[in-house]
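**Q** My structure is in input-v2.json, and what it holds is JSON, C-alpha atoms and all ligand atoms:
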```
[["chain", "number", "residue", "atom", "x", "y", "z"],
["A", 1, "MET", "CA", 264.41, 127.94, 222.21],
["A", 2, "LYS", "CA", 263.98, 128.59, 218.46],
["A", 3, "VAL", "CA", 264.13, 125.56, 216.15],
["A", 4, "GLY", "CA", 264.52, 125.64, 212.36],
["A", 5, "ILE", "CA", 263.57, 122.73, 210.10],
["A", 6, "ILE", "CA", 265.64, 121.97, 206.98],
["A", 7, "GLY", "CA", 263.89, 119.84, 204.33],
["A", 8, "CYS", "CA", 260.58, 120.95, 205.84],
["A", 9, "ALA", "CA", 258.32, 119.52, 203.10],
["A", 10, "GLY", "CA", 259.77, 116.00, 203.25],
["A", 11, "ARG", "CA", 258.17, 113.06, 205.08],
["A", 12, "MET", "CA", 260.32, 113.64, 208.17],
["A", 13, "GLY", "CA", 260.41, 117.43, 207.66],
["A", 14, "ARG", "CA", 256.61, 117.65, 208.05],
["A", 15, "SER", "CA", 256.74, 115.41, 211.14],
["A", 16, "ASN", "CA", 259.51, 117.59, 212.58],
["A", 17, "LEU", "CA", 257.46, 120.76, 211.97],
["A", 18, "ALA", "CA", 254.50, 119.19, 213.80],
["A", 19, "ALA", "CA", 256.69, 118.03, 216.70],
["A", 20, "VAL", "CA", 258.16, 121.53, 217.16],
["A", 21, "LEU", "CA", 254.75, 123.23, 216.91],
["A", 22, "ASP", "CA", 253.34, 120.80, 219.52],
["A", 23, "ALA", "CA", 256.34, 121.03, 221.90],
["A", 24, "PRO", "CA", 255.92, 123.25, 224.99],
["A", 25, "GLY", "CA", 258.62, 125.92, 225.24],
["A", 26, "LEU", "CA", 259.81, 125.63, 221.64],
["A", 27, "VAL", "CA", 259.33, 128.28, 218.96],
["A", 28, "LEU", "CA", 259.37, 127.43, 215.24],
["A", 29, "ALA", "CA", 262.05, 129.68, 213.70],
["A", 30, "GLY", "CA", 261.09, 128.65, 210.14],
["A", 31, "GLY", "CA", 261.55, 125.94, 207.54],
["A", 32, "VAL", "CA", 263.59, 125.70, 204.34],
["A", 33, "GLU", "CA", 263.36, 123.55, 201.24],
["A", 34, "ARG", "CA", 265.22, 123.11, 197.93],
["A", 35, "PRO", "CA", 264.95, 126.25, 195.72],
["A", 36, "ASP", "CA", 262.88, 124.27, 193.16],
["A", 37, "HIS", "CA", 260.51, 122.57, 195.64],
["A", 38, "PRO", "CA", 256.79, 123.02, 194.88],
["A", 39, "ALA", "CA", 256.03, 123.54, 198.61],
["A", 40, "LEU", "CA", 257.99, 126.84, 198.73],
["A", 41, "GLY", "CA", 255.68, 129.62, 199.95],
["A", 42, "GLN", "CA", 253.24, 127.20, 201.60],
["A", 43, "ASP", "CA", 252.37, 127.77, 205.25],
["A", 44, "LEU", "CA", 254.53, 125.66, 207.59],
["A", 45, "GLY", "CA", 251.58, 124.91, 209.90],
["A", 46, "LEU", "CA", 249.54, 123.53, 207.00],
["A", 47, "LEU", "CA", 252.54, 121.46, 205.79],
["A", 48, "ALA", "CA", 252.64, 119.95, 209.28],
["A", 49, "GLY", "CA", 248.92, 119.15, 209.24],
["A", 50, "ARG", "CA", 248.26, 121.85, 211.86],
["A", 51, "ASP", "CA", 246.58, 125.29, 211.76],
["A", 52, "ALA", "CA", 248.30, 127.97, 209.65],
["A", 53, "VAL", "CA", 251.11, 129.77, 211.49],
["A", 54, "GLY", "CA", 251.74, 132.61, 209.00],
["A", 55, "GLN", "CA", 255.29, 131.43, 208.22],
["A", 56, "PRO", "CA", 255.93, 130.23, 204.63],
["A", 57, "ALA", "CA", 258.43, 127.53, 203.58],
["A", 58, "SER", "CA", 261.48, 129.39, 202.27],
["A", 59, "ALA", "CA", 264.73, 128.65, 200.43],
["A", 60, "ASP", "CA", 266.81, 131.09, 202.51],
["A", 61, "LEU", "CA", 268.99, 128.90, 204.71],
["A", 62, "ALA", "CA", 271.25, 131.74, 205.93],
["A", 63, "ALA", "CA", 268.20, 133.63, 207.27],
["A", 64, "LEU", "CA", 266.92, 130.49, 209.01],
["A", 65, "VAL", "CA", 270.31, 129.80, 210.64],
["A", 66, "ALA", "CA", 270.41, 133.41, 211.87],
["A", 67, "ALA", "CA", 266.89, 133.12, 213.33],
["A", 68, "ALA", "CA", 267.28, 129.68, 215.00],
["A", 69, "ASP", "CA", 269.20, 128.37, 218.01],
["A", 70, "VAL", "CA", 269.17, 124.83, 216.64],
["A", 71, "LEU", "CA", 268.43, 123.27, 213.25],
["A", 72, "ILE", "CA", 266.89, 119.84, 212.58],
["A", 73, "GLU", "CA", 267.66, 118.22, 209.21],
["A", 74, "PHE", "CA", 266.52, 114.95, 207.66],
["A", 75, "SER", "CA", 267.39, 115.19, 203.94],
["A", 76, "SER", "CA", 270.16, 113.73, 201.74],
["A", 77, "PRO", "CA", 273.86, 113.33, 202.66],
["A", 78, "GLU", "CA", 274.97, 115.88, 200.02],
["A", 79, "ALA", "CA", 272.44, 118.50, 201.13],
["A", 80, "THR", "CA", 273.21, 117.92, 204.82],
["A", 81, "LEU", "CA", 276.96, 118.50, 204.34],
["A", 82, "THR", "CA", 276.34, 121.66, 202.29],
["A", 83, "HIS", "CA", 274.01, 122.99, 205.00],
["A", 84, "LEU", "CA", 276.37, 122.10, 207.84],
["A", 85, "GLN", "CA", 279.01, 124.32, 206.21],
["A", 86, "VAL", "CA", 276.58, 127.25, 206.62],
["A", 87, "VAL", "CA", 275.90, 126.35, 210.28],
["A", 88, "ALA", "CA", 279.59, 125.76, 211.11],
["A", 89, "GLY", "CA", 281.14, 128.57, 213.10],
["A", 90, "THR", "CA", 277.83, 130.40, 213.72],
["A", 91, "GLY", "CA", 277.47, 129.08, 217.28],
["A", 92, "LYS", "CA", 274.26, 127.30, 216.27],
["A", 93, "ALA", "CA", 273.66, 123.57, 216.71],
["A", 94, "GLN", "CA", 272.34, 120.99, 214.26],
["A", 95, "VAL", "CA", 270.47, 117.71, 214.76],
["A", 96, "VAL", "CA", 270.99, 115.41, 211.75],
["A", 97, "GLY", "CA", 268.77, 112.39, 211.06],
["A", 98, "THR", "CA", 269.89, 111.91, 207.45],
["A", 99, "THR", "CA", 271.18, 108.41, 206.61],
["A", 100, "GLY", "CA", 273.13, 106.97, 203.68],
["A", 101, "PHE", "CA", 276.46, 108.80, 204.22],
["A", 102, "SER", "CA", 279.50, 107.18, 202.56],
["A", 103, "GLN", "CA", 282.58, 106.78, 204.78],
["A", 104, "ALA", "CA", 284.14, 109.90, 203.25],
["A", 105, "GLN", "CA", 280.91, 111.89, 203.71],
["A", 106, "PHE", "CA", 280.64, 110.80, 207.34],
["A", 107, "ALA", "CA", 284.27, 111.82, 207.93],
["A", 108, "GLU", "CA", 283.36, 115.28, 206.57],
["A", 109, "LEU", "CA", 280.34, 115.42, 208.92],
["A", 110, "ALA", "CA", 282.61, 114.57, 211.86],
["A", 111, "ARG", "CA", 285.10, 117.26, 210.75],
["A", 112, "LEU", "CA", 282.35, 119.90, 210.60],
["A", 113, "ALA", "CA", 281.19, 118.78, 214.07],
["A", 114, "GLY", "CA", 284.52, 120.15, 215.28],
["A", 115, "THR", "CA", 283.19, 123.65, 214.57],
["A", 116, "CYS", "CA", 279.58, 123.38, 215.82],
["A", 117, "PRO", "CA", 277.63, 120.95, 218.01],
["A", 118, "VAL", "CA", 276.16, 118.19, 215.79],
["A", 119, "LEU", "CA", 274.02, 115.30, 216.91],
["A", 120, "TRP", "CA", 273.68, 112.51, 214.37],
["A", 121, "ALA", "CA", 271.63, 109.35, 214.85],
["A", 122, "ALA", "CA", 270.57, 106.82, 212.24],
["A", 123, "ASN", "CA", 267.44, 106.38, 214.31],
["A", 124, "MET", "CA", 266.10, 108.90, 216.83],
["A", 125, "SER", "CA", 263.53, 106.59, 218.50],
["A", 126, "LEU", "CA", 263.87, 105.54, 222.13],
["A", 127, "GLY", "CA", 263.00, 101.94, 221.22],
["A", 128, "VAL", "CA", 265.74, 101.52, 218.62],
["A", 129, "ASN", "CA", 268.34, 103.11, 220.87],
["A", 130, "LEU", "CA", 267.44, 100.63, 223.62],
["A", 131, "LEU", "CA", 267.58, 97.84, 221.04],
["A", 132, "LEU", "CA", 271.13, 98.89, 220.06],
["A", 133, "GLY", "CA", 272.27, 98.30, 223.65],
["A", 134, "LEU", "CA", 270.48, 94.93, 223.84],
["A", 135, "VAL", "CA", 272.01, 93.75, 220.56],
["A", 136, "GLU", "CA", 275.52, 94.68, 221.72],
["A", 137, "ARG", "CA", 275.02, 92.73, 224.98],
["A", 138, "VAL", "CA", 273.58, 89.64, 223.30],
["A", 139, "ALA", "CA", 276.37, 89.62, 220.66],
["A", 140, "ALA", "CA", 278.98, 89.92, 223.44],
["A", 141, "THR", "CA", 277.42, 86.99, 225.30],
["A", 142, "LEU", "CA", 276.98, 84.56, 222.41],
["A", 143, "GLY", "CA", 279.98, 82.99, 220.64],
["A", 144, "ASP", "CA", 280.87, 83.09, 216.95],
["A", 145, "ASP", "CA", 278.97, 79.82, 216.47],
["A", 146, "TRP", "CA", 275.80, 81.97, 216.57],
["A", 147, "ASP", "CA", 275.12, 83.58, 213.19],
["A", 148, "ILE", "CA", 273.95, 87.21, 213.18],
["A", 149, "GLU", "CA", 271.61, 88.43, 210.41],
["A", 150, "ILE", "CA", 269.79, 91.77, 210.22],
["A", 151, "LEU", "CA", 266.53, 92.09, 208.30],
["A", 152, "GLU", "CA", 264.94, 95.46, 207.57],
["A", 153, "MET", "CA", 261.86, 96.68, 205.69],
["A", 154, "HIS", "CA", 260.97, 100.26, 204.68],
["A", 155, "HIS", "CA", 258.53, 102.11, 202.40],
["A", 156, "ARG", "CA", 258.94, 101.98, 198.62],
["A", 157, "SER", "CA", 260.49, 105.49, 198.36],
["A", 158, "LYS", "CA", 263.53, 104.88, 200.57],
["A", 159, "VAL", "CA", 266.70, 105.49, 198.54],
["A", 160, "ASP", "CA", 269.51, 103.96, 200.66],
["A", 161, "ALA", "CA", 270.07, 100.32, 201.63],
["A", 162, "PRO", "CA", 270.68, 98.70, 204.03],
["A", 163, "SER", "CA", 268.96, 101.31, 206.21],
["A", 164, "GLY", "CA", 271.06, 103.50, 208.50],
["A", 165, "THR", "CA", 269.38, 101.78, 211.44],
["A", 166, "ALA", "CA", 270.24, 98.30, 210.12],
["A", 167, "LEU", "CA", 273.88, 99.39, 209.80],
["A", 168, "ALA", "CA", 273.79, 100.87, 213.33],
["A", 169, "LEU", "CA", 272.44, 97.53, 214.62],
["A", 170, "GLY", "CA", 275.28, 95.82, 212.72],
["A", 171, "ARG", "CA", 277.83, 98.13, 214.36],
["A", 172, "ALA", "CA", 276.30, 97.35, 217.77],
["A", 173, "ALA", "CA", 276.58, 93.59, 217.14],
["A", 174, "ALA", "CA", 280.14, 94.01, 215.84],
["A", 175, "ALA", "CA", 281.06, 96.09, 218.92],
["A", 176, "GLY", "CA", 279.71, 93.27, 221.13],
["A", 177, "ARG", "CA", 282.03, 90.86, 219.31],
["A", 178, "GLU", "CA", 284.90, 93.39, 219.40],
["A", 179, "VAL", "CA", 285.26, 93.46, 215.61],
["A", 180, "GLN", "CA", 284.80, 96.17, 212.96],
["A", 181, "LEU", "CA", 281.52, 95.90, 211.03],
["A", 182, "ASP", "CA", 283.26, 96.74, 207.71],
["A", 183, "GLU", "CA", 285.45, 93.65, 208.09],
["A", 184, "VAL", "CA", 282.57, 91.21, 208.71],
["A", 185, "ALA", "CA", 279.53, 92.72, 206.94],
["A", 186, "VAL", "CA", 277.82, 90.89, 204.07],
["A", 187, "ARG", "CA", 275.50, 93.62, 202.79],
["A", 188, "SER", "CA", 273.74, 91.56, 200.10],
["A", 189, "ARG", "CA", 273.77, 88.06, 198.58],
["A", 190, "ASP", "CA", 273.05, 86.94, 195.01],
["A", 191, "GLY", "CA", 273.83, 83.79, 193.01],
["A", 192, "ILE", "CA", 276.26, 81.07, 194.12],
["A", 193, "THR", "CA", 277.55, 82.78, 197.24],
["A", 194, "GLY", "CA", 279.14, 79.73, 198.89],
["A", 195, "ALA", "CA", 278.42, 78.73, 202.47],
["A", 196, "ARG", "CA", 278.06, 81.34, 205.16],
["A", 197, "GLN", "CA", 281.43, 82.38, 206.64],
["A", 198, "PRO", "CA", 281.61, 82.13, 210.45],
["A", 199, "GLY", "CA", 281.67, 85.50, 212.22],
["A", 200, "THR", "CA", 280.03, 87.43, 209.39],
["A", 201, "ILE", "CA", 277.05, 89.74, 209.96],
["A", 202, "GLY", "CA", 274.55, 89.53, 207.11],
["A", 203, "PHE", "CA", 271.96, 92.07, 205.94],
["A", 204, "ALA", "CA", 268.70, 91.60, 204.04],
["A", 205, "THR", "CA", 266.61, 94.48, 202.71],
["A", 206, "LEU", "CA", 262.90, 94.59, 201.87],
["A", 207, "ARG", "CA", 261.11, 97.58, 200.31],
["A", 208, "GLY", "CA", 257.39, 98.17, 199.86],
["A", 209, "GLY", "CA", 254.24, 100.13, 200.58],
["A", 210, "ASP", "CA", 254.26, 102.73, 203.33],
["A", 211, "VAL", "CA", 256.24, 100.77, 205.96],
["A", 212, "VAL", "CA", 257.77, 103.37, 208.32],
["A", 213, "GLY", "CA", 260.62, 101.09, 209.48],
["A", 214, "GLU", "CA", 260.99, 97.51, 210.72],
["A", 215, "HIS", "CA", 264.18, 95.83, 211.93],
["A", 216, "VAL", "CA", 264.88, 92.34, 213.25],
["A", 217, "VAL", "CA", 268.26, 91.08, 214.47],
["A", 218, "LEU", "CA", 268.41, 87.27, 214.33],
["A", 219, "PHE", "CA", 270.96, 85.37, 216.42],
["A", 220, "THR", "CA", 270.80, 81.83, 215.07],
["A", 221, "GLY", "CA", 272.50, 78.91, 216.80],
["A", 222, "ASP", "CA", 272.11, 75.17, 216.40],
["A", 223, "ALA", "CA", 268.48, 74.30, 217.19],
["A", 224, "GLU", "CA", 267.60, 77.70, 218.67],
["A", 225, "ARG", "CA", 267.19, 81.33, 217.62],
["A", 226, "ILE", "CA", 266.87, 84.69, 219.37],
["A", 227, "GLU", "CA", 265.09, 87.51, 217.53],
["A", 228, "LEU", "CA", 265.27, 91.11, 218.75],
["A", 229, "GLY", "CA", 263.16, 93.54, 216.77],
["A", 230, "HIS", "CA", 261.55, 96.96, 216.51],
["A", 231, "ARG", "CA", 258.58, 98.16, 214.47],
["A", 232, "ALA", "CA", 257.94, 101.86, 213.90],
["A", 233, "THR", "CA", 254.34, 102.59, 212.92],
["A", 234, "ASP", "CA", 254.49, 106.41, 212.89],
["A", 235, "ARG", "CA", 257.27, 108.89, 211.97],
["A", 236, "ARG", "CA", 256.44, 110.98, 215.01],
["A", 237, "ILE", "CA", 258.67, 108.71, 217.16],
["A", 238, "PHE", "CA", 261.69, 109.97, 215.16],
["A", 239, "ALA", "CA", 260.47, 113.57, 215.24],
["A", 240, "HIS", "CA", 259.92, 113.46, 219.03],
["A", 241, "GLY", "CA", 263.44, 112.05, 219.39],
["A", 242, "ALA", "CA", 264.82, 114.82, 217.17],
["A", 243, "VAL", "CA", 263.08, 117.50, 219.27],
["A", 244, "ARG", "CA", 264.39, 115.93, 222.46],
["A", 245, "ALA", "CA", 267.86, 115.90, 220.89],
["A", 246, "ALA", "CA", 267.51, 119.57, 219.86],
["A", 247, "ARG", "CA", 266.64, 120.62, 223.43],
["A", 248, "TRP", "CA", 269.66, 118.66, 224.72],
["A", 249, "LEU", "CA", 272.12, 119.89, 222.04],
["A", 250, "ALA", "CA", 271.57, 123.66, 222.00],
["A", 251, "GLY", "CA", 274.39, 125.45, 223.82],
["A", 252, "ARG", "CA", 276.74, 122.40, 224.01],
["A", 253, "PRO", "CA", 280.36, 122.76, 222.95],
["A", 254, "PRO", "CA", 281.22, 121.72, 219.36],
["A", 255, "GLY", "CA", 281.47, 117.95, 218.87],
["A", 256, "LEU", "CA", 279.69, 114.94, 217.42],
["A", 257, "TYR", "CA", 277.01, 113.58, 219.75],
["A", 258, "GLY", "CA", 274.53, 110.69, 219.51],
["A", 259, "MET", "CA", 271.19, 109.64, 220.99],
["A", 260, "ARG", "CA", 272.99, 107.61, 223.64],
["A", 261, "ASP", "CA", 274.24, 110.93, 225.05],
["A", 262, "VAL", "CA", 270.71, 112.38, 225.07],
["A", 263, "LEU", "CA", 269.09, 109.30, 226.61],
["A", 264, "GLY", "CA", 271.96, 108.69, 229.04],
["A", 265, "LEU", "CA", 272.31, 105.07, 227.84],
["A", 301, "LIG", "P1", 262.08, 112.82, 201.93],
["A", 301, "LIG", "O1", 262.64, 112.63, 200.55],
["A", 301, "LIG", "O2", 260.60, 112.70, 202.12],
["A", 301, "LIG", "O3", 262.50, 114.26, 202.51],
["A", 301, "LIG", "C1", 263.75, 114.86, 202.30],
["A", 301, "LIG", "C2", 263.50, 116.34, 202.10],
["A", 301, "LIG", "O4", 264.76, 117.03, 202.04],
["A", 301, "LIG", "C3", 262.77, 116.62, 200.78],
["A", 301, "LIG", "O5", 261.63, 117.43, 200.99],
["A", 301, "LIG", "C4", 263.83, 117.34, 199.95],
["A", 301, "LIG", "O6", 263.27, 118.30, 199.04],
["A", 301, "LIG", "C5", 264.62, 118.02, 201.06],
["A", 301, "LIG", "N1", 265.90, 118.51, 200.54],
["A", 301, "LIG", "C6", 266.77, 117.86, 199.72],
["A", 301, "LIG", "N2", 267.79, 118.67, 199.38],
["A", 301, "LIG", "C7", 267.55, 119.87, 200.02],
["A", 301, "LIG", "C8", 268.22, 121.11, 200.04],
["A", 301, "LIG", "N3", 269.36, 121.29, 199.35],
["A", 301, "LIG", "N4", 267.70, 122.11, 200.80],
["A", 301, "LIG", "C9", 266.57, 121.94, 201.49],
["A", 301, "LIG", "N5", 265.86, 120.77, 201.48],
["A", 301, "LIG", "C10", 266.36, 119.75, 200.75],
["A", 301, "LIG", "O7", 262.84, 111.79, 202.86],
["A", 301, "LIG", "P2", 262.48, 111.32, 204.36],
["A", 301, "LIG", "O8", 261.71, 110.03, 204.31],
["A", 301, "LIG", "O9", 261.94, 112.47, 205.13],
["A", 301, "LIG", "O10", 263.93, 110.92, 204.87],
["A", 301, "LIG", "C11", 264.99, 111.88, 204.89],
["A", 301, "LIG", "C12", 266.22, 111.23, 205.50],
["A", 301, "LIG", "O11", 265.97, 110.94, 206.89],
["A", 301, "LIG", "C13", 266.64, 109.90, 204.87],
["A", 301, "LIG", "O12", 268.06, 109.84, 204.85],
["A", 301, "LIG", "C14", 266.07, 108.86, 205.82],
["A", 301, "LIG", "O13", 266.74, 107.63, 205.79],
["A", 301, "LIG", "C15", 266.29, 109.57, 207.13],
["A", 301, "LIG", "N6", 265.46, 109.11, 208.27],
["A", 301, "LIG", "C16", 266.09, 109.09, 209.49],
["A", 301, "LIG", "C17", 265.38, 108.75, 210.62],
["A", 301, "LIG", "C18", 266.07, 108.84, 211.96],
["A", 301, "LIG", "O14", 265.44, 108.57, 213.00],
["A", 301, "LIG", "N7", 267.34, 109.25, 211.99],
["A", 301, "LIG", "C19", 264.02, 108.41, 210.52],
["A", 301, "LIG", "C20", 263.41, 108.46, 209.27],
["A", 301, "LIG", "C21", 264.14, 108.82, 208.15]]
```
Translate the structure described by the file into structure tokens.

**A**
Amino acid sequence: MKVGIIGCAGRMGRSNLAAVLDAPGLVLAGGVERPDHPALGQDLGLLAGRDAVGQPASADLAALVAAADVLIEFSSPEATLTHLQVVAGTGKAQVVGTTGFSQAQFAELARLAGTCPVLWAANMSLGVNLLLGLVERVAATLGDDWDIEILEMHHRSKVDAPSGTALALGRAAAAGREVQLDEVAVRSRDGITGARQPGTIGFATLRGGDVVGEHVVLFTGDAERIELGHRATDRRIFAHGAVRAARWLAGRPPGLYGMRDVLGL
């Protein structure tokens, strides 16, 4: 199976290159970057921290789509939607790890998934996907008198907040309570906010250093608290998940899939 990496010089792009190069049975079809990216022309193996492979980073997405069976992209929402339009209708599949989509952008992603198989997950790690199921179960078991708060921390360069994973954890908690996250989410607090409203799900965001990704879901009752958390210490957990998703997705019918499908959760 031939895998192409979009955004190949980014933090996740380099991890994805390494994961494909290390994966038995997978062939690296190539990697693309923005037309103005300084890494264009650099060897993809070296970008991944591996031996040179004789394939340079390119800006030619159409050529990469033609050469690959499945694409893996972790970039920005705008770039991802533009690239999906190129993949749509070609019979190729795309794994998307990008976060930070607005509601309208996500609706467009879902529409494009009607024309090609797309797997999107805010977090590709096995641990977080297990955590999503645990959070849903705990939220379904505890009553509204337990307050749910989600705390996340990421590296200083992250551009969207709360993280896509924090929002996915919020959706899991909301699903457990049989409510819509948008109707109960409190995404930030500042100033005289008034007392906490029962049934809300609050978010708090920390940014700093090189933190790969940390999430804690706090269920706080009177005189007791449950904390369910996950700490990522290396991006390769996401890249391994993306490669696993790519193997699973290639050749599926068009549609929008998630990591729960891949992991059979
Ligand atoms: P990054 O900024 O290091 O990398 C993004 C790369 O995409 C950059 O190299 C950029 O040049 C490239 N890019 C942007 N526009 C492009 C275009 N038009 N064509 C080709 N390449 C383009 O960011 P990152 O830390 O790698 O994160 C990328 C995204 O992945 C973010 O949304 C982040 O939240 C998300 N992420 C998801 C998971 C997950 O498991 N789903 C894990 C980590 C990060």

**Q** Neighbours of ligand LIG 301 (chain A) within 9 Å, counting only C-alpha atoms and all ligand atoms, as a short mmCIF file (atom, residue, chain, number, x, y, z; two decimals) with C-alpha atoms, in the coordinates of the input?

**A**
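Saved as selection-v5.cif:
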```cif
data_model
loop_
_atom_site.label_atom_id
_atom_site.label_comp_id
_atom_site.auth_asym_id
_atom_site.auth_seq_id
_atom_site.Cartn_x
_atom_site.Cartn_y
_atom_site.Cartn_z
CA ILE A 6 265.64 121.97 206.98
CA GLY A 7 263.89 119.84 204.33
CA CYS A 8 260.58 120.95 205.84
CA ALA A 9 258.32 119.52 203.10
CA GLY A 10 259.77 116.00 203.25
CA ARG A 11 258.17 113.06 205.08
CA MET A 12 260.32 113.64 208.17
CA GLY A 13 260.41 117.43 207.66
CA ARG A 14 256.61 117.65 208.05
CA SER A 15 256.74 115.41 211.14
CA GLY A 31 261.55 125.94 207.54
CA VAL A 32 263.59 125.70 204.34
CA GLU A 33 263.36 123.55 201.24
CA ARG A 34 265.22 123.11 197.93
CA PRO A 35 264.95 126.25 195.72
CA ASP A 36 262.88 124.27 193.16
CA HIS A 37 260.51 122.57 195.64
CA ALA A 39 256.03 123.54 198.61
CA ALA A 59 264.73 128.65 200.43
CA LEU A 61 268.99 128.90 204.71
CA GLU A 73 267.66 118.22 209.21
CA PHE A 74 266.52 114.95 207.66
CA SER A 75 267.39 115.19 203.94
CA SER A 76 270.16 113.73 201.74
CA PRO A 77 273.86 113.33 202.66
CA GLU A 78 274.97 115.88 200.02
CA ALA A 79 272.44 118.50 201.13
CA THR A 80 273.21 117.92 204.82
CA THR A 82 276.34 121.66 202.29
CA HIS A 83 274.01 122.99 205.00
CA VAL A 96 270.99 115.41 211.75
CA GLY A 97 268.77 112.39 211.06
CA THR A 98 269.89 111.91 207.45
CA THR A 99 271.18 108.41 206.61
CA GLY A 100 273.13 106.97 203.68
CA PHE A 101 276.46 108.80 204.22
CA TRP A 120 273.68 112.51 214.37
CA ALA A 121 271.63 109.35 214.85
CA ALA A 122 270.57 106.82 212.24
CA ASN A 123 267.44 106.38 214.31
CA MET A 124 266.10 108.90 216.83
CA SER A 125 263.53 106.59 218.50
CA HIS A 155 258.53 102.11 202.40
CA SER A 157 260.49 105.49 198.36
CA LYS A 158 263.53 104.88 200.57
CA VAL A 159 266.70 105.49 198.54
CA ASP A 160 269.51 103.96 200.66
CA SER A 163 268.96 101.31 206.21
CA GLY A 164 271.06 103.50 208.50
CA THR A 165 269.38 101.78 211.44
CA VAL A 212 257.77 103.37 208.32
CA GLY A 213 260.62 101.09 209.48
CA ARG A 235 257.27 108.89 211.97
CA ILE A 237 258.67 108.71 217.16
CA PHE A 238 261.69 109.97 215.16
CA ALA A 239 260.47 113.57 215.24
CA GLY A 241 263.44 112.05 219.39
CA ALA A 242 264.82 114.82 217.17
#
```

**Q** List the spatial neighbours of Phe203 in chain A as a list in words - criterion: any atom at most 9 Å away, only C-alpha atoms, same-chain residues fewer than 4 positions off excluded.

**A** Ile148, Glu149, Ile150, Leu151, Glu152, Pro162, Ala166, Leu167, Gly170, Ala185, Val186, Arg187, Ser188 and Arg189 of chain A

**Q** Tell me, in Å to one decimal, how far CA of Gly91 in chain A is from CA of Ile5 in chain A.

**A** 16.9 Å

**Q** Between CA of Leu46 in chain A and CA of Ala18 in chain A, measure the distance and give it in Å to one decimal.

**A**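 A separation of 9.5 Å between them.
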
**Q** Please identify all polymer residues within 7 Å of range 66-72 of chain A, counting all atoms listed in the file, omitting same-chain residues fewer than 2 positions from it, and present them as a ChimeraX atom specification.

**A** /A:1-6,29,62-64,74,92-96,246,250

**Q** So the first atom is CA of Leu142 in chain A and the second is CA of Arg196 in chain A; what is the distance between them in Å, to one decimal place?

**A**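 Pair CA of Leu142 in chain A / CA of Arg196 in chain A returns 17.6 Å.
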
**Q** Using all atoms listed in the file, determine which residues lie at most 9 Å from Ala139 in chain A, disregarding the query and same-chain residues fewer than 5 positions distant; provide the list as a list of chain:residue names.

**A**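 Non-adjacent residues within range: A:Leu134, A:Asp144, A:Trp146, A:Ile148, A:Ala172, A:Ala173, A:Ala174, A:Ala175, A:Gly176, A:Arg177, A:Phe219.
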
**Q** Which residue out of A:Val138, A:Val86, A:Val243, A:Leu81 has the minimum interatomic distance to Phe106 in chain A when all atoms listed in the file are used?

**A** A:Leu81

**Q** Compare A:Leu181, A:Leu131, A:Ala113, A:Leu169 by their minimum atom-to-atom distance to Ala88 in chain A, counting only C-alpha atoms, and give me the closest one.

**A**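 Of the candidates, the smallest distance to Ala88 in chain A is held by A:Ala113.
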
**Q** As a ChimeraX atom specification, please: the residues near Tyr257 in chain A (cut-off 8 Å, all atoms listed in the file, same-chain neighbours under 6 positions excluded).

**A** /A:117-120

**Q** Which residue is closest to Leu206 in chain A? Choose from A:Leu126, A:Leu21, A:Ala161, A:Leu40 and count only C-alpha atoms.

**A**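 Result for the nearest residue to Leu206 in chain A: A:Ala161.
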
**Q** Within 7 Å of Pro56 in chain A, counting only C-alpha atoms, which residues qualify if same-chain residues fewer than 3 places away don't, as a list in words?

**A** Gly41, Gln42, Asp43 and Leu44 of chain A

**Q** Box along x, y and z, 3 Å on every side, all listed atoms of range 227-236 of chain A inside: centre and edge lengths in Å to one decimal, as AutoDock Vina command-line options.

**A**
```
--center_x 259.8 --center_y 99.2 --center_z 215.4 --size_x 16.9 --size_y 29.5 --size_z 12.8
```

**Q** Around (281.2, 78.9, 214.2) in the file's frame, which residues reach within 9 Å when counting all atoms listed in the file? Return as a ChimeraX atom specification?

**A** /A:143-147,197-199
